[in-house]
>>> print(open('input-v4.txt').read())   # compact mmCIF, C-alpha atoms
# COMPACT_ATOMS: atom_id res chain seq x y z
CA MET W 8 -5.00 147.67 46.10
CA ASN W 9 -5.32 151.39 46.87
CA SER W 10 -1.79 152.83 46.67
CA GLU W 11 -2.21 155.12 49.67
CA ASN W 12 -3.39 152.23 51.84
CA LEU W 13 -0.52 150.09 50.64
CA ALA W 14 1.98 152.83 51.54
CA LEU W 15 0.41 153.09 55.00
CA CYS W 16 0.87 149.36 55.58
CA VAL W 17 4.44 149.31 54.30
CA ALA W 18 5.24 152.10 56.76
CA LEU W 19 3.52 150.09 59.49
CA ARG W 20 5.63 147.05 58.60
CA HIS W 21 8.81 149.09 58.94
CA GLU W 22 7.62 150.43 62.30
CA LEU W 23 6.91 146.91 63.56
CA HIS W 24 10.29 145.72 62.28
CA ALA W 25 12.08 148.48 64.19
CA HIS W 26 10.34 147.54 67.46
CA PRO W 27 10.35 143.72 67.65
CA GLU W 28 9.12 141.87 70.73
CA LEU W 29 9.72 138.26 71.74
CA SER W 30 6.99 135.63 72.11
CA GLY W 31 4.79 136.36 75.10
CA CYS W 32 6.11 139.93 75.40
CA GLU W 33 4.33 141.57 72.46
CA THR W 34 2.63 144.35 74.46
CA TRP W 35 3.61 147.30 72.28
CA THR W 36 3.13 145.34 69.03
CA LYS W 37 -0.44 144.38 69.89
CA TRP W 38 -1.24 147.93 70.97
CA ARG W 39 0.22 149.39 67.78
CA LEU W 40 -1.77 147.05 65.52
CA MET W 41 -5.01 147.79 67.35
CA ASP W 42 -4.28 151.50 67.24
CA PHE W 43 -3.63 151.31 63.49
CA LEU W 44 -6.95 149.58 62.84
CA ARG W 45 -8.85 152.03 65.06
CA GLU W 46 -7.31 154.94 63.18
CA HIS W 47 -7.83 153.64 59.65
CA THR W 48 -10.94 151.44 59.81
CA SER W 49 -14.31 151.25 61.53
CA LEU W 50 -13.99 147.51 62.20
CA LYS W 51 -15.08 146.22 65.59
CA LEU W 52 -12.12 145.06 67.68
CA PHE W 53 -12.28 142.22 70.20
CA ASP W 54 -9.44 142.44 72.73
CA HIS W 55 -8.62 139.20 74.55
CA GLY W 56 -5.53 140.46 76.35
CA TYR W 57 -2.98 138.19 74.71
CA PHE W 58 -4.57 138.30 71.26
CA PHE W 59 -7.20 140.29 69.43
CA TYR W 60 -9.29 140.12 66.32
CA ALA W 61 -11.20 142.55 64.13
CA LEU W 62 -14.58 141.83 62.55
CA TYR W 63 -16.03 143.07 59.30
CA GLN W 64 -19.77 142.35 59.34
CA GLY W 65 -20.96 141.58 55.83
CA LYS W 66 -24.56 141.34 54.64
CA SER W 67 -24.36 137.67 53.69
CA ALA W 68 -25.84 135.03 56.00
CA ALA W 69 -22.91 132.73 55.20
CA PRO W 70 -20.43 131.88 57.98
CA ALA W 71 -17.43 134.17 58.25
CA ILE W 72 -14.10 133.57 56.56
CA ALA W 73 -11.06 134.14 58.82
CA PHE W 74 -7.41 135.04 58.34
CA ARG W 75 -4.54 134.94 60.82
CA ALA W 76 -1.32 136.91 61.23
CA ASP W 77 1.35 136.29 63.87
CA PHE W 78 3.31 139.18 65.37
CA ASP W 79 6.16 137.88 67.57
CA ALA W 80 9.88 138.25 66.85
CA LEU W 81 12.98 136.15 67.53
CA PRO W 82 16.10 136.42 69.76
CA ILE W 83 18.32 137.07 66.72
CA GLU W 84 20.37 140.20 66.06
CA ASP W 85 19.11 142.30 63.15
CA GLU W 86 21.94 143.26 60.81
CA ILE W 87 20.04 144.56 57.80
CA ASP W 88 21.25 147.81 56.26
CA ALA W 89 17.97 149.75 56.31
CA PRO W 90 16.42 152.68 58.22
CA HIS W 91 13.90 150.29 59.82
CA ARG W 92 16.59 148.06 61.33
CA SER W 93 15.66 146.75 64.78
CA GLN W 94 16.18 149.18 67.65
CA CYS W 95 16.14 146.32 70.17
CA SER W 96 19.52 144.69 70.70
CA GLY W 97 19.46 140.93 70.16
CA VAL W 98 15.84 140.87 68.94
CA GLY W 99 14.68 140.92 65.33
CA HIS W 100 11.77 140.13 63.04
CA LYS W 101 13.68 137.31 61.38
CA CYS W 102 10.66 135.24 60.36
CA GLY W 103 8.65 137.98 58.69
CA HIS W 104 5.81 138.21 61.20
CA ASP W 105 5.98 141.99 60.86
CA GLY W 106 5.05 141.49 57.21
CA HIS W 107 2.28 139.03 58.00
CA SER W 108 0.67 141.51 60.39
CA ALA W 109 1.07 144.42 57.97
CA THR W 110 -0.57 142.28 55.27
CA LEU W 111 -3.57 141.52 57.48
CA CYS W 112 -3.94 145.21 58.26
CA ALA W 113 -3.76 145.94 54.53
CA LEU W 114 -6.43 143.31 53.93
CA ALA W 115 -8.64 144.98 56.55
CA LEU W 116 -8.31 148.32 54.75
CA GLU W 117 -9.09 146.70 51.41
CA VAL W 118 -12.13 144.86 52.79
CA GLU W 119 -13.54 148.04 54.27
CA HIS W 120 -12.92 149.84 50.98
CA THR W 121 -14.60 147.19 48.79
CA GLN W 122 -17.39 146.15 51.21
CA PRO W 123 -17.71 142.46 50.24
CA GLU W 124 -20.86 140.51 51.07
CA ARG W 125 -19.19 137.99 53.34
CA SER W 126 -18.18 138.61 56.96
CA VAL W 127 -14.44 138.51 57.66
CA VAL W 128 -12.47 137.86 60.85
CA PHE W 129 -8.91 139.23 61.07
CA LEU W 130 -7.08 137.46 63.92
CA PHE W 131 -3.75 138.75 65.25
CA GLN W 132 -1.85 136.14 67.22
CA PRO W 133 1.13 136.25 69.62
CA ALA W 134 3.78 133.63 70.36
CA GLU W 135 3.82 131.58 67.17
CA GLU W 136 7.52 130.85 67.59
CA THR W 137 6.96 128.92 70.82
CA GLY W 138 3.81 127.09 69.72
CA GLU W 139 1.80 128.75 72.50
CA GLY W 140 0.01 131.45 70.53
CA ALA W 141 -2.61 129.77 68.37
CA LYS W 142 -3.97 127.50 71.08
CA SER W 143 -4.55 130.56 73.27
CA CYS W 144 -6.76 132.09 70.55
CA LEU W 145 -9.27 129.27 70.07
CA ASP W 146 -12.04 131.15 71.90
CA VAL W 147 -12.63 132.93 68.60
CA PHE W 148 -14.59 129.85 67.49
CA LYS W 149 -16.97 130.28 70.46
CA GLU W 150 -17.61 133.90 69.55
CA GLN W 151 -17.76 133.85 65.75
CA ASN W 152 -19.31 131.47 63.24
CA ILE W 153 -16.27 130.66 61.09
CA SER W 154 -16.35 128.01 58.37
CA GLU W 155 -12.89 128.49 56.82
CA PHE W 156 -9.54 129.82 58.03
CA TYR W 157 -6.42 130.86 56.09
CA ALA W 158 -2.92 132.15 56.74
CA TYR W 159 0.27 132.63 54.78
CA HIS W 160 3.98 132.59 55.45
CA ASN W 161 6.69 134.21 53.40
CA TYR W 162 8.99 131.57 51.95
CA PRO W 163 12.61 132.13 50.85
CA SER W 164 13.74 129.82 48.01
CA GLU W 165 10.31 129.88 46.33
CA PRO W 166 9.71 132.08 43.23
CA PHE W 167 9.20 135.76 44.06
CA LYS W 168 5.56 136.81 44.59
CA THR W 169 4.31 133.32 43.70
CA VAL W 170 1.81 131.48 45.90
CA SER W 171 2.79 127.88 46.67
CA LEU W 172 1.00 125.21 48.66
CA LYS W 173 0.06 121.55 48.80
CA LYS W 174 -2.74 119.37 50.06
CA GLY W 175 -2.41 117.47 53.32
CA THR W 176 0.46 118.03 55.74
CA ILE W 177 2.32 121.20 54.79
CA CYS W 178 4.20 121.84 58.07
CA LEU W 179 5.55 119.12 60.35
CA THR W 180 4.72 118.35 63.95
CA SER W 181 7.57 118.96 66.38
CA LYS W 182 8.57 119.54 69.99
CA GLY W 183 11.55 120.47 72.10
CA LEU W 184 12.92 117.65 74.26
CA SER W 185 15.40 118.25 77.10
CA LEU W 186 17.23 115.24 78.61
CA PHE W 187 18.75 115.84 82.06
CA PHE W 188 21.53 113.68 83.54
CA LYS W 189 22.56 113.86 87.21
CA GLY W 190 25.77 112.03 88.16
CA LYS W 191 28.35 112.99 90.80
CA THR W 192 31.13 115.56 90.76
CA ALA W 193 34.68 114.78 91.76
CA HIS W 194 38.05 116.50 91.87
CA ALA W 195 39.42 116.72 88.36
CA SER W 196 42.53 114.81 89.47
CA GLN W 197 40.34 111.90 90.62
CA PRO W 198 37.55 111.57 88.06
CA GLU W 199 37.15 107.88 88.96
CA ASN W 200 35.51 109.01 92.21
CA GLY W 201 32.70 110.73 90.37
CA ILE W 202 30.08 109.88 87.77
CA ASN W 203 30.57 112.07 84.72
CA PRO W 204 27.51 112.13 82.40
CA ALA W 205 29.57 113.44 79.48
CA TYR W 206 30.35 109.92 78.30
CA THR W 207 26.69 108.85 78.47
CA ILE W 208 25.62 111.94 76.52
CA ALA W 209 28.31 111.27 73.90
CA LYS W 210 27.13 107.68 73.47
CA LEU W 211 23.51 108.83 73.27
CA ILE W 212 24.34 111.30 70.49
CA GLN W 213 25.83 108.43 68.48
CA LYS W 214 22.73 106.33 69.20
CA ILE W 215 20.45 109.13 68.00
CA GLU W 216 22.27 109.17 64.67
CA GLN W 217 21.65 105.44 64.36
CA ILE W 218 17.98 105.84 65.26
CA GLN W 219 17.19 108.52 62.70
CA SER W 220 19.10 106.75 59.94
CA ASP W 221 17.06 103.54 60.40
CA ASP W 222 14.22 103.90 57.88
CA SER W 223 12.56 100.72 59.13
CA LEU W 224 11.57 102.41 62.39
CA PHE W 225 9.29 105.08 60.95
CA ASP W 226 6.52 105.40 58.37
CA ASP W 227 7.63 108.75 56.95
CA PHE W 228 10.03 111.65 57.44
CA ILE W 229 11.54 112.25 60.90
CA ARG W 230 14.39 114.41 62.08
CA CYS W 231 16.21 114.92 65.37
CA THR W 232 18.34 118.06 65.71
CA ILE W 233 20.78 118.63 68.56
CA VAL W 234 20.32 122.25 69.61
CA ASN W 235 22.24 122.40 72.90
CA VAL W 236 24.69 120.32 74.94
CA GLN W 237 25.86 121.33 78.41
CA VAL W 238 28.06 119.31 80.77
CA GLY W 239 29.47 120.54 84.07
CA GLU W 240 30.90 124.01 84.61
CA ALA W 241 33.87 125.97 83.30
CA ALA W 242 35.89 124.91 86.36
CA PHE W 243 39.07 123.02 85.50
CA GLY W 244 39.39 121.53 88.95
CA VAL W 245 36.02 119.78 88.91
CA ALA W 246 34.97 116.68 86.96
CA ALA W 247 31.45 117.22 85.64
CA GLY W 248 28.55 115.77 87.59
CA ASP W 249 25.53 116.84 85.58
CA GLY W 250 24.55 117.59 82.01
CA VAL W 251 21.69 118.27 79.64
CA LEU W 252 21.09 117.41 76.00
CA ARG W 253 18.43 119.47 74.20
CA LEU W 254 16.84 118.23 71.00
CA THR W 255 14.22 119.33 68.53
CA ILE W 256 12.36 116.33 67.18
CA ARG W 257 9.98 116.53 64.23
CA ALA W 258 7.98 114.19 62.06
CA TYR W 259 5.41 114.02 59.28
CA HIS W 260 3.07 111.89 61.43
CA ASP W 261 2.12 112.35 65.09
CA HIS W 262 2.68 108.65 65.79
CA ASP W 263 6.21 108.84 64.35
CA LEU W 264 6.97 111.85 66.57
CA ALA W 265 5.79 109.87 69.61
CA LYS W 266 7.87 106.86 68.58
CA LEU W 267 10.98 108.96 67.96
CA GLU W 268 10.66 110.46 71.43
CA ARG W 269 10.07 107.06 73.01
CA VAL W 270 13.10 105.32 71.49
CA ILE W 271 15.41 108.22 72.35
CA VAL W 272 14.19 108.41 75.94
CA GLU W 273 14.38 104.63 76.38
CA ALA W 274 17.97 104.61 75.12
CA ALA W 275 18.90 107.49 77.43
CA GLN W 276 17.21 105.79 80.39
CA GLU W 277 19.03 102.51 79.79
CA MET W 278 22.43 104.17 79.41
CA SER W 279 21.87 106.27 82.54
CA GLU W 280 20.89 103.29 84.66
CA GLN W 281 24.03 101.44 83.58
CA GLN W 282 26.18 104.29 84.89
CA GLY W 283 24.18 105.11 88.03
CA ILE W 284 23.00 108.42 86.63
CA ALA W 285 19.65 109.97 87.59
CA PHE W 286 17.70 110.86 84.46
CA HIS W 287 14.57 112.85 83.64
CA THR W 288 13.07 114.73 80.68
CA GLU W 289 11.15 117.93 79.99
CA GLU W 290 9.13 118.93 76.92
CA GLN W 291 8.33 122.32 75.44
CA ASP W 292 7.41 124.16 72.22
CA TYR W 293 5.04 121.49 70.92
CA PHE W 294 3.56 122.12 67.47
CA PRO W 295 0.88 119.97 65.85
CA ALA W 296 1.19 119.23 62.15
CA THR W 297 -0.45 121.80 59.89
CA VAL W 298 -2.74 119.78 57.63
CA ASN W 299 -4.37 121.61 54.73
CA ASP W 300 -7.94 120.76 53.79
CA ASP W 301 -8.19 119.48 50.20
CA GLY W 302 -11.23 121.62 49.44
CA ALA W 303 -9.55 124.75 50.82
CA VAL W 304 -6.48 124.12 48.66
CA ASP W 305 -8.70 123.69 45.58
CA LYS W 306 -10.42 126.98 46.42
CA ILE W 307 -7.07 128.80 46.69
CA TRP W 308 -6.02 127.43 43.30
CA ALA W 309 -9.27 128.49 41.63
CA SER W 310 -9.26 131.92 43.31
CA CYS W 311 -5.65 132.68 42.38
CA GLN W 312 -6.22 131.63 38.78
CA ALA W 313 -9.34 133.80 38.61
CA VAL W 314 -7.35 136.95 39.49
CA GLY W 315 -4.17 136.06 37.60
CA GLN W 316 -2.07 135.40 40.71
CA PRO W 317 0.82 133.00 39.94
CA ILE W 318 0.52 129.77 41.93
CA LYS W 319 2.41 126.49 42.06
CA GLU W 320 2.43 123.24 44.00
CA LEU W 321 5.11 122.80 46.63
CA PRO W 322 7.46 119.94 45.72
CA GLU W 323 7.40 118.74 49.34
CA PHE W 324 6.27 119.71 52.82
CA PHE W 325 7.88 122.54 54.78
CA ARG W 326 10.08 120.95 57.45
CA ALA W 327 9.52 123.74 59.96
CA SER W 328 6.47 123.76 62.23
CA GLU W 329 3.60 126.24 62.38
CA ASP W 330 1.05 126.51 65.18
CA PHE W 331 -1.64 127.43 62.65
CA GLY W 332 -2.29 123.69 62.80
CA TYR W 333 -4.31 124.30 65.99
CA PHE W 334 -6.84 126.34 64.01
CA LEU W 335 -7.09 123.70 61.29
CA GLN W 336 -7.97 121.11 63.92
CA ASN W 337 -11.18 123.12 64.43
CA VAL W 338 -12.19 124.31 60.97
CA ARG W 339 -11.49 123.76 57.28
CA GLY W 340 -8.78 125.91 55.78
CA ALA W 341 -5.20 126.02 54.63
CA MET W 342 -1.81 127.63 55.01
CA LEU W 343 -0.10 128.87 51.87
CA PHE W 344 3.31 130.33 51.15
CA ILE W 345 4.32 133.39 49.13
CA GLY W 346 7.82 133.25 47.68
CA ASN W 347 10.54 135.71 48.69
CA GLY W 348 12.68 134.68 45.73
CA GLU W 349 15.05 131.79 45.09
CA ASN W 350 18.08 133.73 46.36
CA ALA W 351 16.47 135.51 49.30
CA PRO W 352 18.12 135.21 52.74
CA PRO W 353 16.77 132.24 54.74
CA LEU W 354 14.34 132.65 57.62
CA HIS W 355 15.83 132.99 61.12
CA THR W 356 19.06 134.56 59.89
CA TYR W 357 20.61 137.90 60.85
CA ASN W 358 20.25 139.45 57.36
CA PHE W 359 16.66 138.37 56.66
CA ASP W 360 14.06 141.07 55.99
CA PHE W 361 10.47 140.61 54.85
CA PRO W 362 9.97 141.80 51.23
CA ASP W 363 7.39 144.61 51.22
CA ASP W 364 6.14 143.56 47.77
CA LEU W 365 4.53 140.48 49.34
CA ILE W 366 1.95 142.60 51.17
CA GLU W 367 0.01 143.33 47.99
CA VAL W 368 0.27 139.69 46.87
CA GLY W 369 -1.17 138.56 50.19
CA VAL W 370 -4.06 141.03 49.95
CA LYS W 371 -4.82 140.04 46.35
CA THR W 372 -4.84 136.35 47.24
CA PHE W 373 -6.97 136.71 50.35
CA MET W 374 -9.43 139.09 48.68
CA SER W 375 -9.95 136.50 45.95
CA LEU W 376 -10.93 133.99 48.65
CA ILE W 377 -13.31 136.46 50.31
CA GLN W 378 -15.00 137.32 47.02
CA SER W 379 -15.24 133.73 45.81
CA GLU W 380 -18.78 132.40 45.41
CA GLN W 381 -17.65 129.13 46.98
CA VAL W 382 -18.27 128.89 50.72
CA LEU W 383 -16.74 125.91 52.48
>>> encode(input="input-v4.txt", output="C-alpha cells")
Amino acid sequence: MNSENLALCVALRHELHAHPELSGCETWTKWRLMDFLREHTSLKLFDHGYFFYALYQGKSAAPAIAFRADFDALPIEDEIDAPHRSQCSGVGHKCGHDGHSATLCALALEVEHTQPERSVVFLFQPAEETGEGAKSCLDVFKEQNISEFYAYHNYPSEPFKTVSLKKGTICLTSKGLSLFFKGKTAHASQPENGINPAYTIAKLIQKIEQIQSDDSLFDDFIRCTIVNVQVGEAAFGVAAGDGVLRLTIRAYHDHDLAKLERVIVEAAQEMSEQQGIAFHTEEQDYFPATVNDDGAVDKIWASCQAVGQPIKELPEFFRASEDFGYFLQNVRGAMLFIGNGENAPPLHTYNFDFPDDLIEVGVKTFMSLIQSEQVL
C-alpha cells in the first residue's frame, strides 16, 4: 500500500480513537469519515442519515463486491498511555471499530489508486454494539447489485497480522433478556408483611446454572451470563418489593437460543406465581448468528495464499456476536479475523487499543478479493 496513504489512515484512526461516540450517537464520526473520503477520493458517497456508503464504479459488468466497517464505541473508560487517548470521559474505542473504519478508508484510497475492474461498495455502519446497525443498512441491496460481502474484526489471542476464519457459524446468535419481578414492599422490621423477590431471583439464578449445565437440553453450545441484578433500594428501613435480573443468552443455533430463553422464562414464571409475584420480560440487543458462506471462505483462502498473506483456520467459533450476520442473510460472503497477537489486551477492556499494523493487512486481504478472477 502507498506509504503516504497508509500514514493518512493511521492518523485518521488516532483521530477517531480520540473522539469516540456511543451506538446511535455517532454524528461526528460519520461526518469525519465522509469528509475524509471527500477530501482524499473522488468516490460517490450515498448518505442515508444513520449510515453511508461509498461507491467505486469499475468497468466490469460483474456485480459489485462490498465491504463493511463499523464505527461505534463503548461505554468503557480509555486508559491507554498514548497521545490519541479518548477525550470523552467514560467512552472508548474498546472494540477496535476505529481501526475497522480506518482500514475501509485505506482500502478506498488503494482502490482508487489501482483502479480495479470490479465495482466496490464501502459501507460504514453505526451501532454494531447494540445489534441495531446492520439491519438499518439493508437498503444498500436495493440500490446496488452486490453479489458478495466481507468484513473483518481484529482478534486478540490470534497470531499477529494473521487472517483466521472458518466455514459456517463464526459468531453466535445472542440477545439481552431482562426479567422483572414485582412483589410488595414492607417495613424492614416486618418483612413477613411484604413479598420480597430477592429469594425468587436467588433461586432462579441457581436454576439457570442447572439449565446451562444440562447438555441433554441443547444440540450445541449455549451460554447464559448474568450481567445485572437489582433488588429494592438502598433504604435500610424497607424490605424490597421489586427486582430485575438481566441476562445475556447466546447459542450456536437459533433454535437453541429460543429454547434457552423459553426454559428460563418458564422457570421464572412458575417461581413467581408460587410467591404471588407479578412477572414480565423485555428483550433487546438481538444478534443473528454470523454464518460464513463456504465458497466465500474458500475464496479468502485462495486470495490470501496468492498474495502471501498468512492465514489459518479458527479452532472454534467466536463466542461473541456480530450483526454482520444480517448482511449474510441477504448475500454470500464471510467475516474474517485479523490477529492482534496472542498476548494483546482483550476486547472491551480499559487498556485495549487497535494495532495500527492491522490496517495494511486488512487492505492487502480485501484487495486480493477485489482483484480475484473469481466472482461469487
>>> residues_near_point(input="input-v4.txt", point="(0.2, 136.1, 43.6)", cutoff="7 Å", atoms="all atoms listed in the file", output="JSON, numbers by chain")
{"W": [168, 169, 170, 311, 316, 317, 318, 368, 371, 372]}
>>> residues_around(input="input-v4.txt", residues="stretch 221-233 of chain W", least_positions_apart="5", cutoff="9 Å", atoms="all atoms listed in the file", output="PyMOL selection string")
chain W and resi 212+215-216+252-260+262-264+266-267
>>> atom_distance(input="input-v4.txt", atom1="atom CA of W:Ser375", atom2="atom CA of W:Ser310")
5.3 Å
>>> residues_near_point(input="input-v4.txt", point="(-18.6, 137.2, 45.4)", cutoff="12 Å", atoms="only C-alpha atoms", output="list in words")
Gly65, Lys66, Ser67, Ala69, Thr121, Gln122, Pro123, Glu124, Arg125, Ser126, Ser310, Ala313, Met374, Ser375, Leu376, Ile377, Gln378, Ser379, Glu380, Gln381 and Val382 of chain W
>>> closest_residue(input="input-v4.txt", among="W:Phe334, W:Phe188, W:Phe43, W:Phe58", to="W:Leu116", atoms="only C-alpha atoms")
W:Phe43
>>> closest_residue(input="input-v4.txt", among="W:Asp146, W:Glu117, W:Glu165, W:Asp305", to="W:Asn337", atoms="all atoms listed in the file")
W:Asp146
>>> closest_residue(input="input-v4.txt", among="W:Leu343, W:Leu130, W:Leu321, W:Ala195", to="W:Ala241", atoms="only C-alpha atoms")
W:Ala195
>>> closest_atom_pairs(input="input-v4.txt", of="stretch 30-104 of chain W", to="stretch 8-23 of chain W", cutoff="10 Å", atoms="all atoms listed in the file", output="CSV")
residue,atom,partner,partner_atom,distance
W:Trp35,CA,W:Leu23,CA,9.3
W:Thr36,CA,W:Leu23,CA,6.8
W:Arg39,CA,W:Leu23,CA,8.3
W:Leu40,CA,W:Leu19,CA,8.6
W:Phe43,CA,W:Leu19,CA,8.3
W:His47,CA,W:Asn12,CA,9.1
W:Phe78,CA,W:Leu23,CA,8.7
W:Asp79,CA,W:Leu23,CA,9.9
W:Ala80,CA,W:Leu23,CA,9.7
W:Ala89,CA,W:His21,CA,9.6
W:Pro90,CA,W:His21,CA,8.4
W:His91,CA,W:His21,CA,5.3
W:Arg92,CA,W:His21,CA,8.2
W:Ser93,CA,W:Leu23,CA,8.8
W:Gly99,CA,W:Leu23,CA,10.0
W:His100,CA,W:Leu23,CA,8.4
W:Gly103,CA,W:Arg20,CA,9.6
W:His104,CA,W:Leu23,CA,9.1
>>> build_atoms(input="input-v4.txt", residues="stretch 138-147 of chain W", atoms="all heavy atoms", output="PDB file, in the frame of the given file")
ATOM      1  N   GLY W 138       4.924 128.023  69.812  1.00  0.00           N
ATOM      2  CA  GLY W 138       3.810 127.090  69.720  1.00  0.00           C
ATOM      3  C   GLY W 138       2.703 127.357  70.714  1.00  0.00           C
ATOM      4  O   GLY W 138       1.748 126.578  70.807  1.00  0.00           O
ATOM      5  N   GLU W 139       2.792 128.454  71.458  1.00  0.00           N
ATOM      6  CA  GLU W 139       1.800 128.750  72.500  1.00  0.00           C
ATOM      7  C   GLU W 139       0.704 129.695  72.025  1.00  0.00           C
ATOM      8  O   GLU W 139      -0.342 129.811  72.663  1.00  0.00           O
ATOM      9  CB  GLU W 139       2.507 129.385  73.712  1.00  0.00           C
ATOM     10  CG  GLU W 139       3.492 128.461  74.413  1.00  0.00           C
ATOM     11  CD  GLU W 139       2.810 127.252  75.016  1.00  0.00           C
ATOM     12  OE1 GLU W 139       1.730 127.403  75.608  1.00  0.00           O
ATOM     13  OE2 GLU W 139       3.371 126.137  74.874  1.00  0.00           O
ATOM     14  N   GLY W 140       0.928 130.389  70.915  1.00  0.00           N
ATOM     15  CA  GLY W 140       0.010 131.450  70.530  1.00  0.00           C
ATOM     16  C   GLY W 140      -1.341 131.006  70.018  1.00  0.00           C
ATOM     17  O   GLY W 140      -2.385 131.415  70.527  1.00  0.00           O
ATOM     18  N   ALA W 141      -1.351 130.146  69.010  1.00  0.00           N
ATOM     19  CA  ALA W 141      -2.610 129.770  68.370  1.00  0.00           C
ATOM     20  C   ALA W 141      -3.572 129.109  69.338  1.00  0.00           C
ATOM     21  O   ALA W 141      -4.779 129.405  69.346  1.00  0.00           O
ATOM     22  CB  ALA W 141      -2.346 128.863  67.176  1.00  0.00           C
ATOM     23  N   LYS W 142      -3.067 128.221  70.177  1.00  0.00           N
ATOM     24  CA  LYS W 142      -3.970 127.500  71.080  1.00  0.00           C
ATOM     25  C   LYS W 142      -4.578 128.414  72.128  1.00  0.00           C
ATOM     26  O   LYS W 142      -5.597 128.074  72.731  1.00  0.00           O
ATOM     27  CB  LYS W 142      -3.257 126.317  71.733  1.00  0.00           C
ATOM     28  CG  LYS W 142      -2.101 126.653  72.643  1.00  0.00           C
ATOM     29  CD  LYS W 142      -1.455 125.362  73.155  1.00  0.00           C
ATOM     30  CE  LYS W 142      -0.275 125.635  74.068  1.00  0.00           C
ATOM     31  NZ  LYS W 142       0.375 124.384  74.517  1.00  0.00           N
ATOM     32  N   SER W 143      -3.973 129.589  72.332  1.00  0.00           N
ATOM     33  CA  SER W 143      -4.550 130.560  73.270  1.00  0.00           C
ATOM     34  C   SER W 143      -5.625 131.420  72.608  1.00  0.00           C
ATOM     35  O   SER W 143      -6.276 132.215  73.288  1.00  0.00           O
ATOM     36  CB  SER W 143      -3.447 131.462  73.837  1.00  0.00           C
ATOM     37  OG  SER W 143      -2.951 132.348  72.838  1.00  0.00           O
ATOM     38  N   CYS W 144      -5.809 131.257  71.301  1.00  0.00           N
ATOM     39  CA  CYS W 144      -6.760 132.090  70.550  1.00  0.00           C
ATOM     40  C   CYS W 144      -8.023 131.340  70.133  1.00  0.00           C
ATOM     41  O   CYS W 144      -8.852 131.877  69.400  1.00  0.00           O
ATOM     42  CB  CYS W 144      -6.093 132.628  69.275  1.00  0.00           C
ATOM     43  SG  CYS W 144      -4.592 133.589  69.535  1.00  0.00           S
ATOM     44  N   LEU W 145      -8.184 130.119  70.581  1.00  0.00           N
ATOM     45  CA  LEU W 145      -9.270 129.270  70.070  1.00  0.00           C
ATOM     46  C   LEU W 145     -10.653 129.701  70.535  1.00  0.00           C
ATOM     47  O   LEU W 145     -11.661 129.218  69.998  1.00  0.00           O
ATOM     48  CB  LEU W 145      -8.998 127.809  70.439  1.00  0.00           C
ATOM     49  CG  LEU W 145      -7.702 127.212  69.862  1.00  0.00           C
ATOM     50  CD1 LEU W 145      -7.553 125.756  70.276  1.00  0.00           C
ATOM     51  CD2 LEU W 145      -7.664 127.346  68.341  1.00  0.00           C
ATOM     52  N   ASP W 146     -10.727 130.624  71.493  1.00  0.00           N
ATOM     53  CA  ASP W 146     -12.040 131.150  71.900  1.00  0.00           C
ATOM     54  C   ASP W 146     -12.747 131.873  70.756  1.00  0.00           C
ATOM     55  O   ASP W 146     -13.966 132.078  70.826  1.00  0.00           O
ATOM     56  CB  ASP W 146     -11.885 132.103  73.086  1.00  0.00           C
ATOM     57  CG  ASP W 146     -11.710 131.362  74.402  1.00  0.00           C
ATOM     58  OD1 ASP W 146     -11.897 130.125  74.431  1.00  0.00           O
ATOM     59  OD2 ASP W 146     -11.379 132.022  75.409  1.00  0.00           O
ATOM     60  N   VAL W 147     -11.994 132.253  69.735  1.00  0.00           N
ATOM     61  CA  VAL W 147     -12.630 132.930  68.600  1.00  0.00           C
ATOM     62  C   VAL W 147     -13.725 132.069  67.990  1.00  0.00           C
ATOM     63  O   VAL W 147     -14.731 132.584  67.486  1.00  0.00           O
ATOM     64  CB  VAL W 147     -11.573 133.326  67.542  1.00  0.00           C
ATOM     65  CG1 VAL W 147     -11.001 132.090  66.841  1.00  0.00           C
ATOM     66  CG2 VAL W 147     -12.172 134.297  66.520  1.00  0.00           C
TER      67      VAL W 147
END
